[in-house]
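Data file: entry.cif. Format and content: mmCIF, C-alpha atoms.
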data_work
loop_
_atom_site.label_atom_id
_atom_site.label_comp_id
_atom_site.auth_asym_id
_atom_site.auth_seq_id
_atom_site.Cartn_x
_atom_site.Cartn_y
_atom_site.Cartn_z
CA MET A 1 161.50 67.98 71.54
CA SER A 2 163.49 65.44 69.49
CA ASN A 3 163.65 61.69 70.00
CA PRO A 4 166.48 60.50 72.34
CA GLU A 5 169.69 59.32 70.68
CA THR A 6 170.46 56.43 73.07
CA TRP A 7 168.67 53.46 74.60
CA ALA A 8 169.97 51.48 77.59
CA VAL A 9 169.72 47.69 77.25
CA ALA A 10 170.84 44.67 79.31
CA GLY A 11 174.38 44.25 80.57
CA GLY A 12 175.02 47.96 81.00
CA ARG A 13 175.12 48.48 77.21
CA VAL A 14 173.82 51.60 75.52
CA LEU A 15 172.61 51.50 71.93
CA GLY A 16 173.29 54.55 69.82
CA LEU A 17 170.19 55.47 67.83
CA ASP A 18 171.63 58.36 65.85
CA PRO A 19 170.88 58.67 62.99
CA TYR A 20 168.76 55.49 63.07
CA CYS A 21 168.44 51.99 64.51
CA ILE A 22 167.09 49.10 62.44
CA VAL A 23 165.51 46.15 64.25
CA GLY A 24 165.28 43.07 62.03
CA ILE A 25 162.40 40.63 62.48
CA VAL A 26 162.71 36.83 62.62
CA ASN A 27 159.45 35.05 63.41
CA ILE A 28 160.06 31.47 64.50
CA THR A 29 156.40 30.64 64.06
CA PRO A 30 154.08 28.80 61.66
CA ASP A 31 151.40 31.50 61.69
CA SER A 32 152.86 35.03 61.66
CA PHE A 33 151.05 37.24 59.16
CA TYR A 34 154.01 37.85 56.83
CA ASP A 35 156.78 35.29 57.26
CA GLY A 36 155.01 32.54 59.20
CA GLY A 37 156.70 29.19 58.53
CA LEU A 38 159.69 30.59 56.64
CA PHE A 39 162.01 30.44 59.65
CA LEU A 40 160.35 27.77 61.76
CA SER A 41 163.38 25.46 61.61
CA GLN A 42 166.27 26.30 63.91
CA ASP A 43 168.80 26.41 61.08
CA GLU A 44 166.69 28.77 58.97
CA ALA A 45 166.01 31.10 61.90
CA VAL A 46 169.69 31.28 62.89
CA HIS A 47 170.76 31.90 59.29
CA GLN A 48 168.19 34.68 58.88
CA ALA A 49 169.15 36.38 62.14
CA LEU A 50 172.84 36.44 61.21
CA ARG A 51 171.95 37.60 57.69
CA LEU A 52 169.95 40.54 59.07
CA PHE A 53 172.88 41.60 61.25
CA GLU A 54 175.14 41.49 58.19
CA GLN A 55 172.65 43.68 56.30
CA GLY A 56 172.79 46.38 58.95
CA ALA A 57 170.38 45.50 61.75
CA ALA A 58 171.52 46.87 65.11
CA VAL A 59 169.06 44.53 66.85
CA VAL A 60 167.34 41.33 65.74
CA ASP A 61 163.96 40.60 67.30
CA LEU A 62 163.08 36.90 67.63
CA GLY A 63 159.43 35.92 68.04
CA GLY A 64 158.28 32.47 69.11
CA GLU A 65 154.55 33.24 69.25
CA SER A 66 152.46 35.08 66.68
CA THR A 67 150.61 38.13 68.00
CA ARG A 68 148.77 38.94 64.77
CA PRO A 69 145.03 39.67 65.17
CA PHE A 70 142.98 36.58 66.12
CA SER A 71 146.10 34.39 66.52
CA GLU A 72 146.11 31.54 69.03
CA ARG A 73 148.18 31.48 72.22
CA ILE A 74 150.92 28.93 72.98
CA ASP A 75 152.39 28.06 76.37
CA ALA A 76 155.81 29.10 77.67
CA ARG A 77 157.31 25.65 77.10
CA GLU A 78 156.54 25.72 73.37
CA GLU A 79 157.68 29.31 73.03
CA LEU A 80 160.99 28.49 74.70
CA ARG A 81 161.41 25.38 72.54
CA ARG A 82 161.25 27.58 69.46
CA VAL A 83 163.32 30.52 70.69
CA MET A 84 166.03 29.29 73.06
CA PRO A 85 168.12 27.25 70.57
CA VAL A 86 168.15 30.19 68.17
CA VAL A 87 169.23 32.60 70.91
CA SER A 88 172.05 30.26 71.95
CA ARG A 89 173.34 29.65 68.43
CA VAL A 90 173.19 33.29 67.32
CA LEU A 91 175.06 34.46 70.43
CA ALA A 92 177.62 31.66 70.03
CA ALA A 93 178.27 32.84 66.46
CA ARG A 94 178.10 36.53 67.29
CA PRO A 95 178.65 37.14 71.04
CA GLU A 96 178.36 40.92 70.69
CA ALA A 97 174.93 40.68 69.02
CA CYS A 98 172.06 42.67 70.48
CA LEU A 99 169.15 40.22 70.47
CA SER A 100 165.57 41.02 71.35
CA VAL A 101 162.80 38.53 72.12
CA ASP A 102 159.17 39.33 71.45
CA THR A 103 157.32 37.90 74.47
CA TYR A 104 154.85 38.88 77.17
CA LYS A 105 155.58 35.89 79.43
CA ALA A 106 157.71 36.35 82.57
CA GLU A 107 159.12 32.82 82.37
CA VAL A 108 160.22 33.22 78.77
CA ALA A 109 161.71 36.66 79.41
CA ALA A 110 163.72 35.43 82.41
CA ARG A 111 165.14 32.46 80.49
CA VAL A 112 166.21 34.41 77.42
CA LEU A 113 167.67 37.28 79.45
CA GLU A 114 169.68 34.76 81.45
CA ALA A 115 170.97 33.42 78.13
CA GLY A 116 172.22 36.85 77.02
CA VAL A 117 169.30 38.57 75.29
CA SER A 118 169.43 42.38 75.54
CA VAL A 119 165.84 43.54 74.88
CA ILE A 120 162.33 42.37 75.69
CA ASN A 121 159.69 43.46 73.18
CA ASP A 122 156.31 43.16 74.88
CA VAL A 123 152.95 43.66 73.16
CA SER A 124 151.15 43.58 76.51
CA ALA A 125 152.82 46.39 78.50
CA CYS A 126 153.12 43.86 81.37
CA ARG A 127 149.33 43.43 81.55
CA PHE A 128 149.04 39.78 80.43
CA ASP A 129 151.59 38.41 82.92
CA PRO A 130 152.19 40.79 85.86
CA GLY A 131 155.30 38.79 86.81
CA LEU A 132 157.08 40.25 83.80
CA MET A 133 157.52 43.57 85.58
CA GLU A 134 159.57 41.88 88.31
CA VAL A 135 161.74 40.17 85.68
CA LEU A 136 162.40 43.51 83.99
CA ALA A 137 163.37 45.13 87.27
CA SER A 138 165.71 42.24 88.06
CA TYR A 139 167.53 41.92 84.71
CA GLN A 140 167.34 45.57 83.55
CA PRO A 141 167.00 44.91 79.79
CA GLY A 142 165.97 47.29 77.12
CA TYR A 143 162.18 47.17 77.08
CA VAL A 144 159.73 47.95 74.31
CA LEU A 145 156.54 49.23 75.91
CA MET A 146 153.85 48.71 73.29
CA HIS A 147 150.22 49.79 73.27
CA SER A 148 147.62 47.17 72.40
CA LEU A 149 143.89 47.38 72.95
CA GLY A 150 143.48 43.97 74.58
CA ARG A 151 144.82 40.55 73.67
CA PRO A 152 145.63 39.58 70.05
CA GLU A 153 142.66 37.23 69.81
CA GLU A 154 140.23 40.06 70.62
CA MET A 155 141.96 43.41 70.00
CA GLN A 156 140.43 44.02 66.54
CA LYS A 157 136.84 43.60 67.72
CA ASN A 158 135.43 47.12 67.32
CA PRO A 159 138.36 49.17 68.72
CA ARG A 160 137.36 52.62 69.98
CA TYR A 161 139.21 55.69 71.28
CA SER A 162 138.23 59.16 72.42
CA ASN A 163 141.34 60.50 70.72
CA VAL A 164 143.76 57.76 69.69
CA VAL A 165 146.91 59.90 69.99
CA GLU A 166 146.06 61.39 73.37
CA ASP A 167 144.67 58.11 74.73
CA ILE A 168 147.91 56.28 73.89
CA TYR A 169 150.01 59.18 75.20
CA ALA A 170 148.22 58.88 78.57
CA PHE A 171 148.65 55.09 78.48
CA PHE A 172 152.41 55.47 77.99
CA GLU A 173 152.69 57.97 80.84
CA ALA A 174 150.86 55.64 83.23
CA ARG A 175 152.71 52.46 82.27
CA MET A 176 156.12 54.14 82.32
CA SER A 177 155.39 55.41 85.81
CA ASP A 178 154.48 51.87 86.93
CA LEU A 179 157.65 50.42 85.40
CA VAL A 180 159.92 53.01 86.99
CA LYS A 181 158.27 52.46 90.37
CA ALA A 182 158.85 48.70 89.93
CA GLY A 183 162.56 49.29 89.36
CA LEU A 184 163.15 49.60 85.61
CA PRO A 185 164.93 52.89 84.86
CA GLU A 186 163.21 55.12 82.32
CA GLY A 187 166.32 55.10 80.13
CA HIS A 188 165.68 51.41 79.36
CA ILE A 189 162.20 52.03 77.90
CA ALA A 190 161.29 52.56 74.24
CA LEU A 191 157.72 53.31 73.17
CA ASP A 192 155.80 51.52 70.41
CA PRO A 193 152.33 52.92 69.56
CA GLY A 194 151.34 49.45 68.33
CA ILE A 195 150.31 49.98 64.71
CA GLY A 196 147.58 47.43 63.93
CA PHE A 197 147.18 46.30 67.53
CA GLY A 198 143.58 47.20 68.33
CA LYS A 199 143.44 50.00 65.76
CA LEU A 200 141.39 50.67 62.65
CA LEU A 201 143.02 52.21 59.58
CA GLU A 202 142.03 55.72 60.65
CA HIS A 203 143.64 55.16 64.06
CA ASN A 204 146.89 53.93 62.49
CA LEU A 205 147.04 56.86 60.09
CA SER A 206 146.39 59.36 62.86
CA LEU A 207 149.22 57.90 64.94
CA LEU A 208 151.64 58.11 62.01
CA LYS A 209 150.60 61.66 61.13
CA HIS A 210 150.96 62.90 64.71
CA VAL A 211 153.90 60.74 65.80
CA ARG A 212 155.91 63.74 67.02
CA ARG A 213 153.43 64.15 69.87
CA PHE A 214 155.08 61.16 71.55
CA PHE A 215 158.49 62.86 71.49
CA ASP A 216 157.27 64.88 74.47
CA LEU A 217 157.64 61.71 76.55
CA ASP A 218 161.42 61.88 75.92
CA ARG A 219 161.80 58.18 75.10
CA PRO A 220 162.86 56.52 71.83
CA LEU A 221 159.97 55.89 69.45
CA TYR A 222 160.00 52.30 68.19
CA MET A 223 157.93 51.91 65.04
CA GLY A 224 156.63 48.61 63.68
CA LEU A 225 154.63 49.05 60.48
CA SER A 226 156.49 46.61 58.24
CA ASN A 227 154.22 44.90 55.70
CA LYS A 228 151.17 45.28 57.94
CA SER A 229 147.57 44.88 56.84
CA MET A 230 146.98 48.63 56.96
CA TRP A 231 148.67 48.76 53.53
CA GLU A 232 146.04 46.38 52.18
CA LYS A 233 143.26 48.48 53.68
CA LEU A 234 144.77 51.70 52.33
CA LEU A 235 146.15 50.57 48.97
CA GLY A 236 144.70 47.12 48.30
CA LEU A 237 148.11 45.43 48.66
CA PRO A 238 148.33 41.73 49.59
CA ALA A 239 150.99 40.55 52.05
CA GLY A 240 153.69 39.94 49.44
CA ARG A 241 153.42 43.38 47.83
CA ARG A 242 153.72 45.81 50.74
CA GLN A 243 157.47 46.42 50.69
CA THR A 244 157.31 49.75 48.81
CA ALA A 245 154.61 51.12 51.08
CA THR A 246 156.66 50.03 54.08
CA GLN A 247 159.78 51.78 52.79
CA VAL A 248 158.00 55.04 51.92
CA ALA A 249 156.32 55.21 55.33
CA THR A 250 159.56 54.32 57.12
CA ALA A 251 161.44 57.06 55.29
CA LEU A 252 158.75 59.63 56.07
CA LEU A 253 158.76 58.70 59.75
CA ALA A 254 162.56 58.91 59.86
CA ALA A 255 162.33 62.39 58.34
CA LYS A 256 159.97 63.30 61.19
CA GLY A 257 162.57 62.11 63.71
CA VAL A 258 161.62 58.50 64.51
CA ARG A 259 164.87 56.59 65.08
CA VAL A 260 163.98 52.92 65.71
CA HIS A 261 162.40 50.94 62.87
CA ARG A 262 161.34 47.28 63.25
CA VAL A 263 161.26 45.72 59.77
CA HIS A 264 161.39 42.48 57.79
CA GLU A 265 163.55 43.81 54.93
CA VAL A 266 166.64 45.22 56.63
CA GLU A 267 168.73 45.88 53.53
CA LEU A 268 165.97 47.87 51.82
CA THR A 269 165.34 49.82 55.00
CA ARG A 270 169.01 50.69 55.40
CA GLN A 271 169.02 52.06 51.85
CA SER A 272 165.85 54.08 52.50
CA LEU A 273 167.23 55.55 55.71
CA GLU A 274 170.55 56.41 54.09
CA ILE A 275 168.67 58.40 51.45
CA VAL A 276 166.78 60.25 54.20
CA GLN A 277 170.10 61.19 55.83
CA ILE A 278 171.67 62.35 52.57
CA LEU A 279 168.70 64.46 51.53
#

Written as C-alpha cells, that's how I'd like the structure from this file.
Amino acid sequence: MSNPETWAVAGGRVLGLDPYCIVGIVNITPDSFYDGGLFLSQDEAVHQALRLFEQGAAVVDLGGESTRPFSERIDAREELRRVMPVVSRVLAARPEACLSVDTYKAEVAARVLEAGVSVINDVSACRFDPGLMEVLASYQPGYVLMHSLGRPEEMQKNPRYSNVVEDIYAFFEARMSDLVKAGLPEGHIALDPGIGFGKLLEHNLSLLKHVRRFFDLDRPLYMGLSNKSMWEKLLGLPAGRRQTATQVATALLAAKGVRVHRVHEVELTRQSLEIVQIL
C-alpha cells in the first residue's frame, strides 16, 4: 500500500502531497535543540516563516515551546505570547498560507485555530491535555498524531519496546480510533513515528528502515528527522553539521514513499526531493 496523496486540514482545505510536501520549521523559542533563540523575536520569526514559504514549503510549523529531550515546560499564556503575533502577521501577509502550530495544549490550539491556523502538530497524541481532543473535533484541523514515550522531560530515560515498529503501529491504531470516535475524521490525521522522542538510536534506525509498515494504516506519513541528535550518535556530527545527513535520509525516505517532510532547511530539501523525482 502506498502513502495517501492528500491530507484534509482546517477550513475544508485539502493539501496535495504528491509528489511531496515540505513542512518548514520555525521555533519561536530560546531553547530548541537546533535553532533555539534564532527566531525568538517576532520580526525574525515572521521573516523566516515567509522565507520558508518562498523557498517551497507547503506548510510552516510554528513552535512556541521546545519539546527536545529534558526541556522545561511553559504555560499556555507564554506559549500564546510567542506564537499568536507571528500567526497573525504571517496570515496578514499571506492569507492563503497553511500554518501549523506545534502544541499539545487545548487552549493554545483553540486560539490559533480561531486565528486561521490549519494544522495542529501534537507530540502528545492528546495524552498531556485531554481537552485537546474536543478542540480537534470542533475545529477539524489537520492533525499530526505523533508517538512519544512519555513527556519530553522524561522520555529519554531508558526507553524500551518489545518491537518498536509494531508497538508504534498498535499505538497509532488505538489513538486514531479514539480520535475518530471523538469526531475528527480519519482523513485529517497524519502519522509521525516521533524520531528521537523516547527512542534510542537503534529504535530510530529500525523505524526508518521499516517505515513502509506504517503505510498499511493508510494515512500520510509525516517524518521529522531534521538535524536531530541521532546523527551525532550515528556519525559524530554536532548540531551545526547535520544538514547532509538530514538530506540523504530525507531523500531515501522519499524514495520509499514518504511524502511529508518536516525540516529546517527547506530550499535544500526541495532540491533533494526534486532529484528523487527525476531519478

Can you pull out the residues contacting segment 133-149 of chain A? Cut-off 8 Å, using all atoms listed in the file, and skip same-chain residues under 2 positions away; I want them as a PyMOL selection string.
chain A and resi 7-11+106+109-110+113+118-126+130-131+151+155+159+168+171-172+179+182-185+188-194+197-199+222

Measuring between all atoms listed in the file, which one of A:Arg212, A:Pro19, A:Leu279, A:Glu265 shows the shortest distance to Ser2 of chain A?
A:Arg212

One number please: atom CA of Ile22 of chain A to atom CA of Glu274 of chain A, in Å, one decimal.
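According to the coordinates, atom CA of Ile22 of chain A and atom CA of Glu274 of chain A are separated by 11.6 Å.
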
Using the chain letters and numbers from the file, which residues does the PyMOL selection byres ((chain A and resi 15) around 10) grab, as number ranges by chain?
A: 5-9, 13-14, 16-18, 21, 58-59, 98, 142

Atom CA of Lys209 of chain A and atom CA of Lys157 of chain A, how far apart in Å?
23.6 Å

Selection: 7 Å around Val117 of chain A, all atoms listed in the file, excl. self and same-chain fewer than 5 positions, as a ChimeraX atom specification:
/A:98-100,112

Those same residues - C-alpha atoms - I'd like them written as a short mmCIF file (atom, residue, chain, number, x, y, z; two decimals), in the coordinates of the input.
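Okay, this is what ended up in result-v3.cif:
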data_model
loop_
_atom_site.label_atom_id
_atom_site.label_comp_id
_atom_site.auth_asym_id
_atom_site.auth_seq_id
_atom_site.Cartn_x
_atom_site.Cartn_y
_atom_site.Cartn_z
CA CYS A 98 172.06 42.67 70.48
CA LEU A 99 169.15 40.22 70.47
CA SER A 100 165.57 41.02 71.35
CA VAL A 112 166.21 34.41 77.42
#

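Taking atom CA of Tyr20 of chain A as the reference point, atom CA of Ala57 of chain A is found at 10.2 Å.
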
Go through A:Leu217, A:Val180, A:Leu234, A:Val101 and flag the residue nearest Glu202 of chain A, using only C-alpha atoms for the distances.
A:Leu234

Residues matched by the PyMOL selection byres ((chain A and resi 52) around 12) as JSON, numbers by chain
{"A": [22, 23, 24, 25, 26, 45, 46, 47, 48, 49, 50, 51, 53, 54, 55, 56, 57, 58, 59, 60, 61, 62, 90, 97, 98, 99, 262, 263, 264, 265, 266, 267, 268, 269, 270]}

Among A:Thr103, A:Gln243, A:Gln271, A:Asn227, Glu65 of chain A is approached most closely, using all atoms listed in the file, by A:Thr103

Apply the PyMOL selection byres ((chain A and resi 245) around 12) to the displayed file and report the matching residues as a PyMOL selection string.
chain A and resi 225-244+246-252+268-269+272

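Using all atoms listed in the file for every distance, the candidate list A:Thr67, A:Glu78, A:Arg160, A:Val83 yields A:Thr67 as the residue closest to Tyr104 of chain A.
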
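Of the listed residues (A:Glu44, A:Met223, A:Ile275, A:Gly63), A:Met223 comes nearest to Arg259 of chain A; the distances count all atoms listed in the file.
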
Show which residues sit within 10 Å of Ser41 of chain A, as an MDAnalysis selection string. Count all atoms listed in the file, and ignore same-chain residues fewer than 4 positions away.
chainID A and resid 28:30 37 45:46 82 86

Listed atoms of segment 22-25 of chain A, axis-aligned box, 6 Å per side: centre and edge lengths to one decimal in Å, as lines of an AutoDock Vina configuration file?
center_x = 164.7
center_y = 44.9
center_z = 63.1
size_x = 16.7
size_y = 20.5
size_z = 14.2

Within 8 Å of segment 73-76 of chain A using only C-alpha atoms, minus same-chain residues under 2 positions, as a PyMOL selection string
chain A and resi 65-66+71+78-80+105+107-108

Which residue, A:Arg77, A:Pro85, A:Ala254, A:Asp129, has the smallest gap to Asp43 of chain A when you use all atoms listed in the file?
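Smallest distance to Asp43 of chain A is found for A:Pro85.
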
Atom completion result for segment 168-200 of chain A (N, CA and C atoms) as a CSV table (one decimal), keeping the file's coordinate frame:
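In the end it all went to selection_12.csv:
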chain,number,residue,atom,x,y,z
A,168,ILE,N,146.7,57.1,73.8
A,168,ILE,CA,147.9,56.3,73.9
A,168,ILE,C,149.0,57.1,74.6
A,169,TYR,N,149.1,58.4,74.4
A,169,TYR,CA,150.0,59.2,75.2
A,169,TYR,C,149.8,59.0,76.7
A,170,ALA,N,148.5,59.1,77.1
A,170,ALA,CA,148.2,58.9,78.6
A,170,ALA,C,148.6,57.5,79.0
A,171,PHE,N,148.3,56.5,78.2
A,171,PHE,CA,148.6,55.1,78.5
A,171,PHE,C,150.2,55.0,78.7
A,172,PHE,N,151.0,55.5,77.8
A,172,PHE,CA,152.4,55.5,78.0
A,172,PHE,C,152.9,56.1,79.3
A,173,GLU,N,152.3,57.3,79.6
A,173,GLU,CA,152.7,58.0,80.8
A,173,GLU,C,152.4,57.1,82.0
A,174,ALA,N,151.2,56.5,82.1
A,174,ALA,CA,150.9,55.6,83.2
A,174,ALA,C,151.7,54.4,83.3
A,175,ARG,N,151.9,53.7,82.2
A,175,ARG,CA,152.7,52.5,82.3
A,175,ARG,C,154.2,52.7,82.5
A,176,MET,N,154.7,53.8,82.0
A,176,MET,CA,156.1,54.1,82.3
A,176,MET,C,156.3,54.4,83.8
A,177,SER,N,155.3,55.1,84.4
A,177,SER,CA,155.4,55.4,85.8
A,177,SER,C,155.4,54.1,86.6
A,178,ASP,N,154.5,53.2,86.2
A,178,ASP,CA,154.5,51.9,86.9
A,178,ASP,C,155.8,51.1,86.8
A,179,LEU,N,156.4,51.1,85.6
A,179,LEU,CA,157.6,50.4,85.4
A,179,LEU,C,158.8,51.0,86.2
A,180,VAL,N,158.9,52.3,86.2
A,180,VAL,CA,159.9,53.0,87.0
A,180,VAL,C,159.8,52.7,88.5
A,181,LYS,N,158.5,52.8,89.0
A,181,LYS,CA,158.3,52.5,90.4
A,181,LYS,C,158.7,51.0,90.7
A,182,ALA,N,158.5,50.1,89.7
A,182,ALA,CA,158.8,48.7,89.9
A,182,ALA,C,160.3,48.5,89.9
A,183,GLY,N,161.1,49.4,89.3
A,183,GLY,CA,162.6,49.3,89.4
A,183,GLY,C,163.3,49.3,88.0
A,184,LEU,N,162.5,49.5,86.9
A,184,LEU,CA,163.2,49.6,85.6
A,184,LEU,C,163.4,51.1,85.3
A,185,PRO,N,164.7,51.5,85.1
A,185,PRO,CA,164.9,52.9,84.9
A,185,PRO,C,164.3,53.3,83.5
A,186,GLU,N,163.9,54.6,83.5
A,186,GLU,CA,163.2,55.1,82.3
A,186,GLU,C,164.1,55.0,81.1
A,187,GLY,N,165.4,55.2,81.3
A,187,GLY,CA,166.3,55.1,80.1
A,187,GLY,C,166.3,53.8,79.4
A,188,HIS,N,165.7,52.7,80.0
A,188,HIS,CA,165.7,51.4,79.4
A,188,HIS,C,164.4,51.2,78.5
A,189,ILE,N,163.5,52.2,78.5
A,189,ILE,CA,162.2,52.0,77.9
A,189,ILE,C,162.2,52.7,76.5
A,190,ALA,N,161.7,52.0,75.5
A,190,ALA,CA,161.3,52.6,74.2
A,190,ALA,C,159.8,52.4,74.1
A,191,LEU,N,159.2,53.3,73.3
A,191,LEU,CA,157.7,53.3,73.2
A,191,LEU,C,157.3,52.9,71.8
A,192,ASP,N,156.4,52.0,71.7
A,192,ASP,CA,155.8,51.5,70.4
A,192,ASP,C,154.3,51.8,70.4
A,193,PRO,N,153.8,52.7,69.6
A,193,PRO,CA,152.3,52.9,69.6
A,193,PRO,C,151.5,51.7,69.1
A,194,GLY,N,152.1,50.7,68.6
A,194,GLY,CA,151.3,49.4,68.3
A,194,GLY,C,150.5,49.6,67.1
A,195,ILE,N,151.1,49.9,66.0
A,195,ILE,CA,150.3,50.0,64.7
A,195,ILE,C,149.6,48.6,64.4
A,196,GLY,N,148.3,48.7,64.2
A,196,GLY,CA,147.6,47.4,63.9
A,196,GLY,C,147.1,46.6,65.1
A,197,PHE,N,147.5,47.0,66.3
A,197,PHE,CA,147.2,46.3,67.5
A,197,PHE,C,146.0,47.0,68.2
A,198,GLY,N,144.8,46.6,67.8
A,198,GLY,CA,143.6,47.2,68.3
A,198,GLY,C,143.4,48.6,67.7
A,199,LYS,N,143.6,48.7,66.4
A,199,LYS,CA,143.4,50.0,65.8
A,199,LYS,C,142.8,49.8,64.4
A,200,LEU,N,141.9,50.6,64.0
A,200,LEU,CA,141.4,50.7,62.6
A,200,LEU,C,142.4,51.5,61.8
